[in-house]
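The file final17.cif comes next; it holds mmCIF, C-alpha atoms.
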data_start
#
loop_
_atom_site.label_atom_id
_atom_site.label_comp_id
_atom_site.auth_asym_id
_atom_site.auth_seq_id
_atom_site.Cartn_x
_atom_site.Cartn_y
_atom_site.Cartn_z
CA MET A 1 94.73 -2.61 -60.66
CA ASP A 2 95.67 -4.24 -57.38
CA VAL A 3 98.31 -6.33 -59.12
CA ALA A 4 99.79 -3.29 -60.86
CA ALA A 5 99.98 -1.32 -57.61
CA ALA A 6 101.58 -4.25 -55.78
CA ASN A 7 104.22 -4.46 -58.51
CA LEU A 8 104.85 -0.72 -58.66
CA LEU A 9 105.30 -0.48 -54.90
CA SER A 10 107.55 -3.53 -54.59
CA PRO A 11 111.17 -2.91 -53.48
CA PRO A 12 112.73 -4.17 -56.76
CA VAL A 13 110.63 -1.88 -58.97
CA LEU A 14 111.10 1.07 -56.59
CA CYS A 15 114.87 0.47 -56.69
CA PHE A 16 114.74 0.48 -60.49
CA LEU A 17 112.81 3.77 -60.42
CA LEU A 18 115.37 5.19 -57.96
CA GLY A 19 118.18 4.34 -60.40
CA LEU A 20 116.15 5.87 -63.23
CA VAL A 21 115.60 9.12 -61.34
CA ALA A 22 119.25 9.24 -60.23
CA GLY A 23 120.31 8.83 -63.86
CA ILE A 24 117.89 11.46 -65.12
CA VAL A 25 119.06 14.09 -62.59
CA ARG A 26 122.67 13.10 -63.45
CA SER A 27 123.52 12.04 -59.90
CA ASP A 28 127.00 10.56 -59.50
CA LEU A 29 125.41 7.42 -57.99
CA GLU A 30 126.90 4.33 -59.59
CA ILE A 31 127.21 0.61 -59.05
CA PRO A 32 130.75 -0.43 -60.05
CA GLU A 33 130.66 -2.45 -63.28
CA ALA A 34 132.39 -5.46 -61.70
CA VAL A 35 129.79 -5.49 -58.89
CA ALA A 36 126.93 -5.28 -61.41
CA ARG A 37 128.36 -8.22 -63.35
CA ALA A 38 128.83 -10.21 -60.13
CA LEU A 39 125.20 -9.51 -59.23
CA ALA A 40 124.11 -10.76 -62.66
CA VAL A 41 126.10 -13.98 -62.10
CA TYR A 42 124.45 -14.40 -58.70
CA LEU A 43 120.92 -13.85 -60.06
CA ILE A 44 121.36 -16.20 -63.02
CA PHE A 45 122.93 -18.89 -60.83
CA SER A 46 120.13 -18.58 -58.26
CA ILE A 47 117.25 -18.93 -60.72
CA GLY A 48 119.02 -21.76 -62.55
CA PHE A 49 119.74 -23.63 -59.34
CA LYS A 50 116.23 -23.16 -57.93
CA GLY A 51 114.72 -24.30 -61.25
CA GLY A 52 116.84 -27.46 -61.23
CA VAL A 53 115.89 -28.27 -57.62
CA GLU A 54 112.23 -27.71 -58.42
CA LEU A 55 112.42 -30.08 -61.38
CA ALA A 56 114.17 -32.73 -59.23
CA ASN A 57 111.57 -32.42 -56.48
CA ASN A 58 108.26 -32.18 -58.28
CA GLY A 59 109.01 -31.85 -61.92
CA ASP A 60 107.06 -33.57 -64.60
CA LEU A 61 109.69 -34.29 -67.24
CA GLY A 62 106.96 -35.36 -69.67
CA ALA A 63 105.45 -31.88 -69.55
CA LEU A 64 108.83 -30.27 -70.08
CA VAL A 65 109.46 -31.56 -73.61
CA PRO A 66 106.38 -30.03 -75.34
CA LEU A 67 106.96 -26.81 -73.41
CA LEU A 68 110.55 -26.56 -74.62
CA LEU A 69 109.48 -27.23 -78.20
CA VAL A 70 106.80 -24.53 -78.05
CA ALA A 71 109.27 -22.13 -76.42
CA ALA A 72 111.83 -22.73 -79.17
CA ALA A 73 109.12 -22.19 -81.79
CA LEU A 74 108.10 -18.91 -80.11
CA SER A 75 111.69 -17.69 -80.16
CA LEU A 76 112.09 -18.76 -83.79
CA LEU A 77 108.86 -17.13 -84.98
CA LEU A 78 108.54 -13.94 -82.92
CA PRO A 79 111.21 -12.08 -84.92
CA VAL A 80 108.87 -12.28 -87.95
CA PRO A 81 106.08 -10.03 -86.56
CA ALA A 82 108.79 -7.87 -85.01
CA PHE A 83 110.45 -7.45 -88.41
CA VAL A 84 107.12 -6.67 -90.12
CA LEU A 85 106.16 -4.15 -87.42
CA LEU A 86 109.54 -2.45 -87.67
CA ARG A 87 109.23 -2.10 -91.43
CA LEU A 88 105.65 -0.81 -91.11
CA LEU A 89 106.00 1.51 -88.13
CA ALA A 90 109.48 2.88 -88.51
CA ASN A 91 111.80 3.76 -91.32
CA VAL A 92 114.30 1.04 -90.40
CA ASN A 93 116.50 -0.63 -93.00
CA ARG A 94 116.44 -4.39 -93.48
CA ILE A 95 119.66 -5.08 -91.57
CA ASP A 96 118.69 -3.03 -88.52
CA ALA A 97 115.16 -4.50 -88.60
CA GLY A 98 116.57 -8.06 -88.66
CA ALA A 99 118.96 -7.30 -85.80
CA ILE A 100 116.25 -5.68 -83.66
CA ALA A 101 113.82 -8.52 -84.47
CA ALA A 102 116.38 -11.05 -83.14
CA HIS A 103 116.51 -9.14 -79.83
CA TYR A 104 112.71 -9.39 -79.53
CA GLY A 105 112.52 -13.11 -80.29
CA SER A 106 115.12 -13.79 -77.63
CA VAL A 107 114.55 -13.14 -73.93
CA SER A 108 115.63 -10.92 -71.07
CA ILE A 109 116.79 -12.96 -68.09
CA VAL A 110 116.50 -9.97 -65.76
CA THR A 111 112.86 -9.42 -66.74
CA TYR A 112 112.24 -13.11 -66.03
CA VAL A 113 113.97 -12.84 -62.64
CA ALA A 114 111.85 -9.79 -61.76
CA ALA A 115 108.70 -11.68 -62.81
CA THR A 116 109.56 -14.69 -60.61
CA SER A 117 110.23 -12.33 -57.69
CA PHE A 118 106.84 -10.69 -58.24
CA LEU A 119 105.05 -14.06 -58.43
CA GLN A 120 106.72 -15.18 -55.20
CA SER A 121 105.72 -11.96 -53.44
CA ARG A 122 102.10 -12.62 -54.51
CA GLY A 123 102.25 -16.29 -53.50
CA ILE A 124 101.56 -17.45 -57.07
CA ALA A 125 103.15 -20.82 -57.88
CA TYR A 126 104.87 -21.61 -61.17
CA GLU A 127 106.59 -24.60 -62.73
CA GLY A 128 110.24 -24.73 -61.63
CA PHE A 129 111.34 -25.97 -65.03
CA MET A 130 110.42 -22.59 -66.57
CA THR A 131 114.11 -21.75 -66.08
CA ALA A 132 114.98 -24.27 -68.80
CA VAL A 133 112.62 -22.33 -71.09
CA VAL A 134 114.76 -19.22 -70.59
CA ALA A 135 117.82 -21.04 -71.90
CA VAL A 136 115.94 -22.52 -74.86
CA MET A 137 114.46 -19.17 -75.92
CA GLU A 138 117.79 -17.32 -75.92
CA THR A 139 119.12 -18.44 -79.27
CA PRO A 140 116.67 -19.55 -82.02
CA ALA A 141 115.65 -15.93 -82.62
CA ILE A 142 119.21 -15.07 -83.62
CA LEU A 143 118.93 -17.39 -86.64
CA THR A 144 115.59 -15.90 -87.75
CA GLY A 145 116.86 -12.34 -87.30
CA LEU A 146 119.90 -13.20 -89.36
CA LEU A 147 117.81 -14.74 -92.14
CA LEU A 148 115.46 -11.75 -92.22
CA ALA A 149 118.35 -9.29 -92.33
CA ARG A 150 120.29 -11.13 -95.00
CA ALA A 151 117.36 -12.26 -97.18
CA GLY A 152 118.03 -11.35 -100.80
CA GLN A 153 121.66 -10.52 -100.06
CA ARG A 154 124.53 -12.37 -101.61
CA GLY A 155 127.40 -13.78 -99.64
CA ALA A 156 127.06 -16.01 -96.61
CA LEU A 157 129.27 -15.78 -93.53
CA ASP A 158 132.65 -17.40 -94.01
CA SER A 159 133.50 -20.49 -91.96
CA ARG A 160 135.52 -18.56 -89.38
CA ARG A 161 132.64 -16.09 -88.78
CA ARG A 162 130.16 -18.99 -88.60
CA TRP A 163 132.32 -20.68 -85.96
CA GLU A 164 132.70 -17.44 -83.98
CA LEU A 165 128.96 -16.89 -84.10
CA ALA A 166 128.14 -20.46 -83.03
CA HIS A 167 130.62 -20.10 -80.17
CA GLU A 168 129.10 -16.79 -79.12
CA ILE A 169 125.59 -18.28 -79.17
CA PHE A 170 126.20 -21.58 -77.42
CA ALA A 171 129.14 -20.78 -75.15
CA ASN A 172 127.77 -17.41 -74.10
CA GLY A 173 128.29 -16.92 -70.37
CA SER A 174 124.67 -16.44 -69.36
CA VAL A 175 123.52 -19.61 -71.19
CA VAL A 176 126.39 -21.69 -69.75
CA LEU A 177 125.74 -20.40 -66.22
CA LEU A 178 121.98 -20.86 -66.45
CA LEU A 179 122.16 -24.41 -67.79
CA GLY A 180 125.05 -25.31 -65.48
CA SER A 181 123.33 -24.08 -62.32
CA PHE A 182 120.10 -25.76 -63.47
CA ALA A 183 122.00 -29.06 -63.77
CA ILE A 184 123.62 -28.56 -60.34
CA GLY A 185 120.20 -27.88 -58.81
CA PHE A 186 118.72 -30.94 -60.52
CA VAL A 187 121.56 -33.24 -59.39
CA THR A 188 121.78 -32.00 -55.79
CA GLY A 189 118.00 -31.61 -55.28
CA ALA A 190 116.56 -30.90 -51.85
CA GLU A 191 119.86 -31.49 -50.06
CA GLY A 192 121.60 -28.98 -52.31
CA MET A 193 118.85 -26.47 -51.64
CA ARG A 194 119.14 -26.98 -47.87
CA ARG A 195 122.80 -26.02 -48.09
CA LEU A 196 122.49 -23.13 -50.54
CA ALA A 197 119.14 -21.66 -49.45
CA PRO A 198 120.72 -18.93 -47.27
CA VAL A 199 122.45 -17.60 -50.38
CA VAL A 200 120.17 -18.36 -53.33
CA THR A 201 116.84 -17.77 -51.59
CA ASN A 202 117.19 -15.52 -48.55
CA GLY A 203 119.35 -12.88 -50.19
CA PHE A 204 117.67 -13.01 -53.59
CA THR A 205 115.22 -10.09 -53.48
CA GLY A 206 117.71 -7.80 -51.74
CA LEU A 207 120.42 -8.39 -54.33
CA LEU A 208 117.86 -8.12 -57.14
CA CYS A 209 117.12 -4.63 -55.79
CA PHE A 210 120.79 -3.60 -56.15
CA PHE A 211 120.90 -5.02 -59.65
CA LEU A 212 117.74 -3.18 -60.70
CA LEU A 213 119.10 0.04 -59.21
CA ASP A 214 121.99 -0.32 -61.68
CA MET A 215 119.57 -1.16 -64.50
CA GLY A 216 117.70 2.08 -63.74
CA LEU A 217 120.94 4.03 -64.13
CA LEU A 218 121.69 2.27 -67.43
CA VAL A 219 118.21 2.88 -68.80
CA ALA A 220 118.44 6.59 -67.93
CA ARG A 221 121.66 6.76 -69.95
CA ARG A 222 119.81 5.26 -72.92
CA PHE A 223 117.19 8.05 -72.84
CA ALA A 224 119.60 10.33 -74.70
CA GLY A 225 119.28 8.05 -77.73
CA PHE A 226 115.50 8.44 -77.93
CA ARG A 227 115.72 11.83 -79.63
CA THR A 228 117.08 10.21 -82.78
CA MET A 229 114.75 7.20 -82.73
CA GLY A 230 111.42 8.62 -83.84
CA ALA A 231 107.91 7.87 -82.63
CA GLY A 232 107.55 4.73 -84.77
CA LEU A 233 110.40 2.94 -83.02
CA VAL A 234 109.24 4.02 -79.57
CA LEU A 235 105.76 2.69 -80.41
CA PHE A 236 107.36 -0.58 -81.53
CA GLY A 237 109.17 -0.84 -78.18
CA VAL A 238 105.82 -0.87 -76.38
CA LEU A 239 103.72 -2.72 -78.95
CA MET A 240 106.05 -5.65 -79.63
CA PRO A 241 106.16 -6.87 -75.99
CA LEU A 242 102.37 -6.99 -76.07
CA VAL A 243 102.42 -9.02 -79.31
CA GLY A 244 105.03 -11.41 -77.89
CA ALA A 245 103.29 -11.70 -74.53
CA SER A 246 99.97 -12.49 -76.24
CA ALA A 247 101.65 -15.35 -78.10
CA GLY A 248 103.27 -16.53 -74.85
CA LEU A 249 99.97 -16.36 -72.96
CA THR A 250 98.15 -18.32 -75.65
CA ALA A 251 100.91 -20.96 -75.71
CA GLY A 252 100.94 -21.21 -71.89
CA LEU A 253 97.17 -21.67 -71.70
CA PHE A 254 97.22 -24.18 -74.55
CA LEU A 255 99.94 -26.21 -72.79
CA GLY A 256 97.96 -26.19 -69.53
CA LEU A 257 100.64 -24.36 -67.52
CA SER A 258 99.79 -22.91 -64.11
CA VAL A 259 98.86 -19.23 -63.79
CA GLY A 260 102.43 -18.43 -62.75
CA GLY A 261 103.94 -20.53 -65.55
CA THR A 262 101.66 -18.91 -68.14
CA ALA A 263 102.56 -15.43 -66.87
CA LEU A 264 106.26 -16.30 -67.04
CA LEU A 265 106.00 -17.64 -70.59
CA ALA A 266 104.20 -14.42 -71.55
CA THR A 267 106.91 -12.37 -69.84
CA LEU A 268 109.65 -14.23 -71.67
CA ALA A 269 107.92 -13.94 -75.05
CA GLY A 270 107.27 -10.25 -74.38
CA SER A 271 110.83 -9.45 -73.33
CA ALA A 272 113.83 -8.49 -75.44
CA SER A 273 117.42 -9.59 -74.98
CA TYR A 274 120.11 -7.04 -74.19
CA ILE A 275 122.89 -9.38 -73.12
CA ALA A 276 123.22 -12.44 -75.38
CA VAL A 277 121.82 -11.13 -78.67
CA PRO A 278 123.73 -7.82 -78.89
CA ALA A 279 126.99 -9.77 -78.67
CA ALA A 280 125.90 -12.28 -81.32
CA MET A 281 124.65 -9.51 -83.61
CA ARG A 282 128.00 -7.71 -83.51
CA LEU A 283 129.52 -10.80 -85.08
CA ALA A 284 126.67 -11.76 -87.39
CA LEU A 285 125.47 -8.33 -88.53
CA PRO A 286 128.26 -5.84 -87.86
CA ARG A 287 126.60 -3.27 -90.12
CA ALA A 288 123.51 -3.13 -87.87
CA ASN A 289 123.32 -0.11 -85.60
CA PRO A 290 123.69 -1.50 -82.04
CA SER A 291 122.49 1.73 -80.44
CA LEU A 292 119.03 1.28 -81.95
CA SER A 293 118.45 -2.25 -80.67
CA LEU A 294 119.93 -1.55 -77.22
CA SER A 295 117.96 1.66 -76.79
CA LEU A 296 114.76 -0.20 -77.66
CA ALA A 297 115.38 -3.36 -75.63
CA LEU A 298 116.96 -1.69 -72.61
CA GLY A 299 115.46 1.80 -72.75
CA ILE A 300 111.83 1.08 -73.62
CA THR A 301 110.83 -2.58 -73.49
CA PHE A 302 112.65 -3.51 -70.27
CA PRO A 303 111.15 -0.67 -68.15
CA PHE A 304 107.76 -1.18 -69.82
CA ASN A 305 107.73 -4.86 -68.86
CA LEU A 306 109.13 -4.25 -65.39
CA VAL A 307 106.62 -1.55 -64.45
CA LEU A 308 103.48 -2.40 -66.46
CA GLY A 309 103.97 -5.59 -68.48
CA ILE A 310 104.62 -8.13 -65.71
CA PRO A 311 101.54 -7.25 -63.62
CA LEU A 312 99.47 -7.10 -66.82
CA TYR A 313 100.61 -10.57 -67.92
CA VAL A 314 99.93 -11.99 -64.43
CA ALA A 315 96.46 -10.43 -64.33
CA VAL A 316 95.56 -11.72 -67.81
CA ALA A 317 96.94 -15.21 -67.00
CA GLU A 318 94.81 -15.24 -63.82
CA ARG A 319 91.71 -14.16 -65.73
CA PHE A 320 92.09 -16.52 -68.68
CA SER A 321 93.42 -19.64 -67.01
CA GLY A 322 90.06 -20.18 -65.31
CA TRP A 323 88.23 -19.50 -68.54
CA TRP A 324 90.54 -21.84 -70.44
CA GLU A 325 89.99 -24.64 -67.90
CA VAL A 326 86.23 -24.31 -68.29
CA TRP A 327 86.53 -24.33 -72.07
CA ARG A 328 88.75 -27.40 -72.03
CA ALA A 329 86.37 -29.23 -69.69
CA TYR A 330 83.49 -28.25 -71.99
CA LEU A 331 85.32 -29.66 -75.02
CA GLN A 332 85.94 -32.92 -73.20
CA THR A 333 82.26 -33.43 -72.29
CA MET B 1 170.74 9.06 -78.08
CA HIS B 2 170.44 7.48 -81.49
CA THR B 3 166.96 6.40 -82.51
CA TYR B 4 165.56 4.43 -85.46
CA LYS B 5 162.49 5.22 -87.57
CA ARG B 6 159.61 2.81 -87.50
CA LYS B 7 155.84 2.91 -88.18
CA ARG B 8 153.22 2.63 -85.48
CA LEU B 9 149.85 1.06 -86.28
CA GLU B 10 146.87 1.78 -84.05
CA ILE B 11 143.91 -0.48 -84.63
CA VAL B 12 140.65 0.29 -82.83
CA VAL B 13 138.27 -2.63 -83.25
CA GLU B 14 135.29 -4.22 -81.49
CA LYS B 15 136.46 -6.60 -78.78
CA ARG B 16 134.82 -9.54 -80.52
CA ARG B 17 136.66 -8.91 -83.77
CA ALA B 18 140.04 -8.55 -82.06
CA PRO B 19 140.89 -12.31 -82.08
CA ALA B 20 140.89 -12.36 -85.89
CA ILE B 21 143.31 -9.39 -85.99
CA LEU B 22 145.59 -10.89 -83.33
CA GLU B 23 145.62 -14.22 -85.16
CA TYR B 24 146.90 -12.43 -88.27
CA LEU B 25 149.53 -10.49 -86.29
CA ASP B 26 150.73 -13.68 -84.60
CA GLY B 27 150.98 -15.40 -87.98
CA GLU B 28 153.08 -12.62 -89.55
CA PRO B 29 156.73 -13.46 -88.75
CA ALA B 30 157.93 -9.90 -89.35
CA ILE B 31 155.76 -8.59 -86.52
CA THR B 32 157.59 -9.09 -83.26
CA GLY B 33 154.83 -8.08 -80.87
CA TRP B 34 151.63 -6.19 -80.19
CA THR B 35 149.93 -4.50 -77.23
CA MET B 36 146.18 -4.48 -76.61
CA LEU B 37 144.43 -1.89 -74.44
CA PRO B 38 140.74 -1.61 -73.51
CA CYS B 39 138.94 1.49 -74.78
CA ILE B 40 136.78 3.31 -72.24
CA GLY B 41 134.57 5.03 -74.78
CA GLY B 42 134.44 6.99 -77.98
CA ARG B 43 132.35 8.53 -80.74
CA GLY B 44 132.44 7.73 -84.44
CA HIS B 45 130.14 7.28 -87.42
CA THR B 46 128.17 4.59 -85.54
CA GLY B 47 127.49 6.93 -82.62
CA THR B 48 128.80 7.18 -79.08
CA ARG B 49 130.04 4.12 -77.21
CA LEU B 50 130.34 4.19 -73.45
CA PRO B 51 130.53 1.26 -70.98
CA GLU B 52 127.12 -0.44 -71.06
CA GLY B 53 127.22 -2.52 -67.90
CA ALA B 54 124.52 -4.89 -69.12
CA THR B 55 126.58 -6.10 -72.08
CA ASP B 56 130.14 -5.88 -73.32
CA ALA B 57 128.96 -6.30 -76.92
CA LEU B 58 129.92 -2.75 -77.85
CA ASP B 59 133.30 -2.73 -76.10
CA THR B 60 136.27 -1.84 -78.26
CA VAL B 61 140.01 -2.40 -77.87
CA LEU B 62 143.09 -0.62 -79.18
CA ILE B 63 145.82 -2.82 -80.66
CA LEU B 64 149.25 -1.21 -81.02
CA VAL B 65 151.93 -2.51 -83.36
CA VAL B 66 155.35 -0.96 -84.05
CA THR B 67 157.17 -2.28 -87.10
CA THR B 68 159.09 -1.34 -90.24
CA GLU B 69 157.44 0.74 -92.94
CA GLU B 70 157.14 -2.12 -95.42
CA VAL B 71 155.58 -4.49 -92.89
CA ALA B 72 153.30 -1.73 -91.58
CA HIS B 73 151.83 -1.10 -95.05
CA ARG B 74 151.33 -4.82 -95.61
CA THR B 75 149.73 -5.23 -92.19
CA MET B 76 147.45 -2.24 -92.64
CA ALA B 77 146.09 -3.69 -95.89
CA ALA B 78 145.59 -7.12 -94.30
CA VAL B 79 143.84 -5.66 -91.24
CA LEU B 80 141.51 -3.60 -93.43
CA ASP B 81 140.58 -6.80 -95.28
CA LEU B 82 139.89 -8.53 -91.97
CA LEU B 83 137.70 -5.68 -90.76
CA GLU B 84 135.37 -6.23 -93.76
CA GLU B 85 132.04 -4.72 -92.66
CA PHE B 86 133.11 -4.36 -89.03
CA VAL B 87 133.48 -1.09 -87.19
CA GLY B 88 137.14 -0.13 -86.86
CA VAL B 89 139.84 2.48 -87.26
CA VAL B 90 143.37 1.81 -88.52
CA LEU B 91 145.96 4.57 -88.18
CA MET B 92 149.61 4.66 -89.19
CA SER B 93 152.12 7.18 -87.86
CA ASP B 94 155.86 7.74 -87.61
CA VAL B 95 157.60 6.72 -84.45
CA GLU B 96 161.20 6.40 -83.28
CA VAL B 97 162.50 3.49 -81.27
CA ALA B 98 165.69 3.01 -79.29
CA ARG B 99 166.08 -0.74 -79.79
CA PRO B 100 165.55 -1.55 -83.49
CA ALA B 101 165.98 -5.29 -83.07
CA HIS B 102 162.74 -5.33 -81.06
CA PHE B 103 160.66 -3.91 -83.90
#

Show the structure stored in the file as C-alpha cells.
Amino acid sequence: MDVAAANLLSPPVLCFLLGLVAGIVRSDLEIPEAVARALAVYLIFSIGFKGGVELANNGDLGALVPLLLVAAALSLLLPVPAFVLLRLLANVNRIDAGAIAAHYGSVSIVTYVAATSFLQSRGIAYEGFMTAVVAVMETPAILTGLLLARAGQRGALDSRRRWELAHEIFANGSVVLLLGSFAIGFVTGAEGMRRLAPVVTNGFTGLLCFFLLDMGLLVARRFAGFRTMGAGLVLFGVLMPLVGASAGLTAGLFLGLSVGGTALLATLAGSASYIAVPAAMRLALPRANPSLSLSLALGITFPFNLVLGIPLYVAVAERFSGWWEVWRAYLQT
Amino acid sequence: MHTYKRKRLEIVVEKRRAPAILEYLDGEPAITGWTMLPCIGGRGHTGTRLPEGATDALDTVLILVVTTEEVAHRTMAAVLDLLEEFVGVVLMSDVEVARPAHF
C-alpha cells in the first residue's frame, strides 16, 4: 500500500494525471508535438546512456546473455496468450487480434523509464544492463503477431514489403537511439557520465514530468474510442499486463535478478508498445484497425501500468525475491 | 488568358506507403512532377485520424499530380494496384493549366 501511495503521489504520476484531467475537461493545454518528440529523444538517450555506463562500471556481461535470451523469448511468446485472450474475451477478428498481440509482446519505453524513475526514488537498485533488454524486447513480438494474424491465409508479403518491414523494425528511431546511446555510455564509462550527468541525470525526472503531462493529454484523447471497444477489450487491456508481468516476474526471479531488475523485467513484459509496433503493423498488417491497438496500449494499459502496475510489480518482486532466495538455498542444501 | 485541360490526381495515403507511390511516379517518364503535403487529420472508413504525438504511424500525406488524361488514367490504375490492402484515397478531377509543357 505504501509503495502504491508513493508512486501515486510522485511528481511524474501526478503530472500524468494533470494531463489526463486537462484532456478530459478539454482544456487548451498542449505540449507542442516537436517538443514532445524532443523530450522522447532525451529520455531514450538518457536511459540508454546510463545503462551503458552502468554496464561498463559494474556490469556482469556473463549474466547479460541469458537475460537477453529470456527477454527475446518473452517478447516472442507473449503475443500467444494475448491473441488467445483477445479471441476469448472480445469479438476481435484474427488480423486485429494478431496486430494487438504484437503490441503486447513488445514493450513501452516510457513505462520502463517511469519504472526506473520510481525505483530510483525508492532507492531500489537494478541492473544497468536492463536497458539492453528494452531494445531486445521491441521486435520479436512483431514476428509472432504477424504469424498469428496471417495463419491460414494465402499470400506472403512481397520482397519490397518485407524489406520495408525489416527496415521499419531494425532502423526504427527509438531502437537506433537506445542502442546507440547504450554503446556511447558503455564506451565512455565513468568519464562520459561525469561530463553528461548534469543533463542525463539531474534534469531527468523534471523532463519526464513534462513528457508524462503530454502522455496524459494523449491518453485523454483516446478515451473517446472506448465507447466502441466493448467491455471485453477493456478487460483485456488490464488483464494482459498482469499476465505479461507475471511471466516477467517469474523469469526475473529464475534468472536471479535483483528486486529492481525483476520489477523492471515484469514492467517490460507487462507493457505494450505504442511507438515501434504501430508503425511496423501499418506496413505488415495494413488491414488491422490501428485505433483498436492504440486505444488499448495507450489508453488503458499505459495508465494502468503507470498508476497501479509499476508499484504492484515492485511490491511483488520485493516479496518474492526473498522467498525465491530461500527456496534456491534450500534446493542447494 | 489561354489555358489547357489536364487531369489532377489527389492521392491520400499513409506516410509509410508513400515511398512506393513516389517510386512509381518517378519511374513514369510522362509524369513531370508531383507535390506532397502532410495531412493534419481526417475521417474515413477506418475511423478518425488526428496527430498522435506518441507515434507517427497513422500519419497520412496528400500527393498531387497534374498530367494528361491518358497518363492520369494509367497512373490511377497503377496507384490503386500499389495501395493493395492499404488505406488510401485516389481522386481524379479536371484542372486547367497555363503552361502545358510543364504537365

Under the rule of at most 10 Å, produce a per-residue listing of region 137-213 of chain A near region 271-295 of chain A: chain, number, name, the closest pair of atoms, and the distance in Å, as a tab-separated table, using all atoms listed in the file.
residue	atom	partner	partner_atom	distance
A:Glu138	CA	A:Ala276	CA	7.3
A:Thr139	CA	A:Val277	CA	7.8
A:Ala141	CA	A:Val277	CA	8.8
A:Ile142	CA	A:Val277	CA	6.8
A:Leu143	CA	A:Ala284	CA	9.6
A:Gly145	CA	A:Met281	CA	9.1
A:Leu146	CA	A:Ala284	CA	7.2
A:Ala149	CA	A:Leu285	CA	8.1
A:Arg150	CA	A:Leu285	CA	8.7
A:Leu157	CA	A:Ala284	CA	7.8
A:Arg161	CA	A:Leu283	CA	7.2
A:Arg162	CA	A:Ala284	CA	8.1
A:Glu164	CA	A:Leu283	CA	7.4
A:Leu165	CA	A:Ala280	CA	6.2
A:Ala166	CA	A:Ala280	CA	8.7
A:His167	CA	A:Ala280	CA	9.2
A:Glu168	CA	A:Ala280	CA	6.0
A:Ile169	CA	A:Ala280	CA	6.4
A:Phe170	CA	A:Ala276	CA	9.8
A:Asn172	CA	A:Ala276	CA	6.9
A:Gly173	CA	A:Ala276	CA	8.4
A:Ser174	CA	A:Ala276	CA	7.4
A:Val175	CA	A:Ala276	CA	8.3

Write out as a compact mmCIF listing (two decimals) with C-alpha atoms, in the frame of the given file the residues lying within 9 Å of Ile63 (chain B), counting all atoms listed in the file and excluding same-chain residues fewer than 2 positions away.
# COMPACT_ATOMS: atom_id res chain seq x y z
CA LEU B 9 149.85 1.06 -86.28
CA GLU B 10 146.87 1.78 -84.05
CA ILE B 11 143.91 -0.48 -84.63
CA VAL B 12 140.65 0.29 -82.83
CA VAL B 13 138.27 -2.63 -83.25
CA ALA B 18 140.04 -8.55 -82.06
CA ILE B 21 143.31 -9.39 -85.99
CA LEU B 22 145.59 -10.89 -83.33
CA TRP B 34 151.63 -6.19 -80.19
CA THR B 35 149.93 -4.50 -77.23
CA MET B 36 146.18 -4.48 -76.61
CA LEU B 37 144.43 -1.89 -74.44
CA PRO B 38 140.74 -1.61 -73.51
CA VAL B 61 140.01 -2.40 -77.87
CA VAL B 65 151.93 -2.51 -83.36

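Remark: for Phe204 (chain A), the closest of the candidate residues A:Asn305, A:Gln120, A:Ser75, A:Asn57 is A:Gln120 (distances computed over all atoms listed in the file).
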
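One finds CA of Trp323 (chain A) at 21.0 Å from CA of Gly309 (chain A).
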
Just so the selection is clear, what residues does the PyMOL selection byres ((chain B) within 10 of (chain A)) cover here, as a ChimeraX atom specification?
/B:14-17,19-20,46-59,83-87

Mind listing as a PyMOL selection string all residues within 12 Å of (99.5, -11.9, -77.7), counting only C-alpha atoms?
chain A and resi 74+78+81+239-253+263+265-267+269-270+312-313+316-317

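Straight-line separation from CA of Ala135 (chain A) to CA of Gly48 (chain A): 9.5 Å.
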
Once the PyMOL selection byres ((chain A and resi 237) around 8) has been evaluated on this model, what residues remain selected, and can you format them as a PyMOL selection string?
chain A and resi 233-236+238-241+296-297+300-301

Which residues fall under the PyMOL selection byres ((chain A and resi 193-197) around 12) in this file, as a PyMOL selection string?
chain A and resi 45-54+56-57+181-182+184-192+198-204

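Atom pair CA of Glu127 (chain A) / CA of Leu55 (chain A): separated by 8.1 Å.
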
Which residues are near Met130 (chain A)? Cut-off 9 Å, all atoms listed in the file, ignore same chain within fewer than 4 positions. Put them as a PyMOL selection string.
chain A and resi 51+64+67-68+126+134+261+264-265

Nearest to Pro311 (chain A), chosen from A:Asn58, A:Thr131, A:Asn7, A:Ser121, with only C-alpha atoms counted in the distances
A:Asn7

Return region 18-26 of chain A, completed with N, CA and C atoms, as an mmCIF file, keeping the file's coordinate frame.
data_model
loop_
_atom_site.group_PDB
_atom_site.id
_atom_site.type_symbol
_atom_site.label_atom_id
_atom_site.label_comp_id
_atom_site.auth_asym_id
_atom_site.auth_seq_id
_atom_site.Cartn_x
_atom_site.Cartn_y
_atom_site.Cartn_z
ATOM 1 N N LEU A 18 114.361 4.338 -58.619
ATOM 2 C CA LEU A 18 115.370 5.190 -57.960
ATOM 3 C C LEU A 18 116.581 5.367 -58.876
ATOM 4 N N GLY A 19 117.046 4.263 -59.472
ATOM 5 C CA GLY A 19 118.180 4.340 -60.400
ATOM 6 C C GLY A 19 117.846 5.220 -61.591
ATOM 7 N N LEU A 20 116.601 5.084 -62.079
ATOM 8 C CA LEU A 20 116.150 5.870 -63.230
ATOM 9 C C LEU A 20 116.189 7.364 -62.906
ATOM 10 N N VAL A 21 115.634 7.707 -61.745
ATOM 11 C CA VAL A 21 115.600 9.120 -61.340
ATOM 12 C C VAL A 21 117.031 9.630 -61.136
ATOM 13 N N ALA A 22 117.859 8.826 -60.467
ATOM 14 C CA ALA A 22 119.250 9.240 -60.230
ATOM 15 C C ALA A 22 119.964 9.496 -61.548
ATOM 16 N N GLY A 23 119.693 8.647 -62.545
ATOM 17 C CA GLY A 23 120.310 8.830 -63.860
ATOM 18 C C GLY A 23 119.789 10.073 -64.555
ATOM 19 N N ILE A 24 118.488 10.303 -64.439
ATOM 20 C CA ILE A 24 117.890 11.460 -65.120
ATOM 21 C C ILE A 24 118.411 12.774 -64.543
ATOM 22 N N VAL A 25 118.566 12.838 -63.197
ATOM 23 C CA VAL A 25 119.060 14.090 -62.590
ATOM 24 C C VAL A 25 120.598 14.142 -62.608
ATOM 25 N N ARG A 26 121.200 13.161 -63.294
ATOM 26 C CA ARG A 26 122.670 13.100 -63.450
ATOM 27 C C ARG A 26 123.394 13.052 -62.106
#
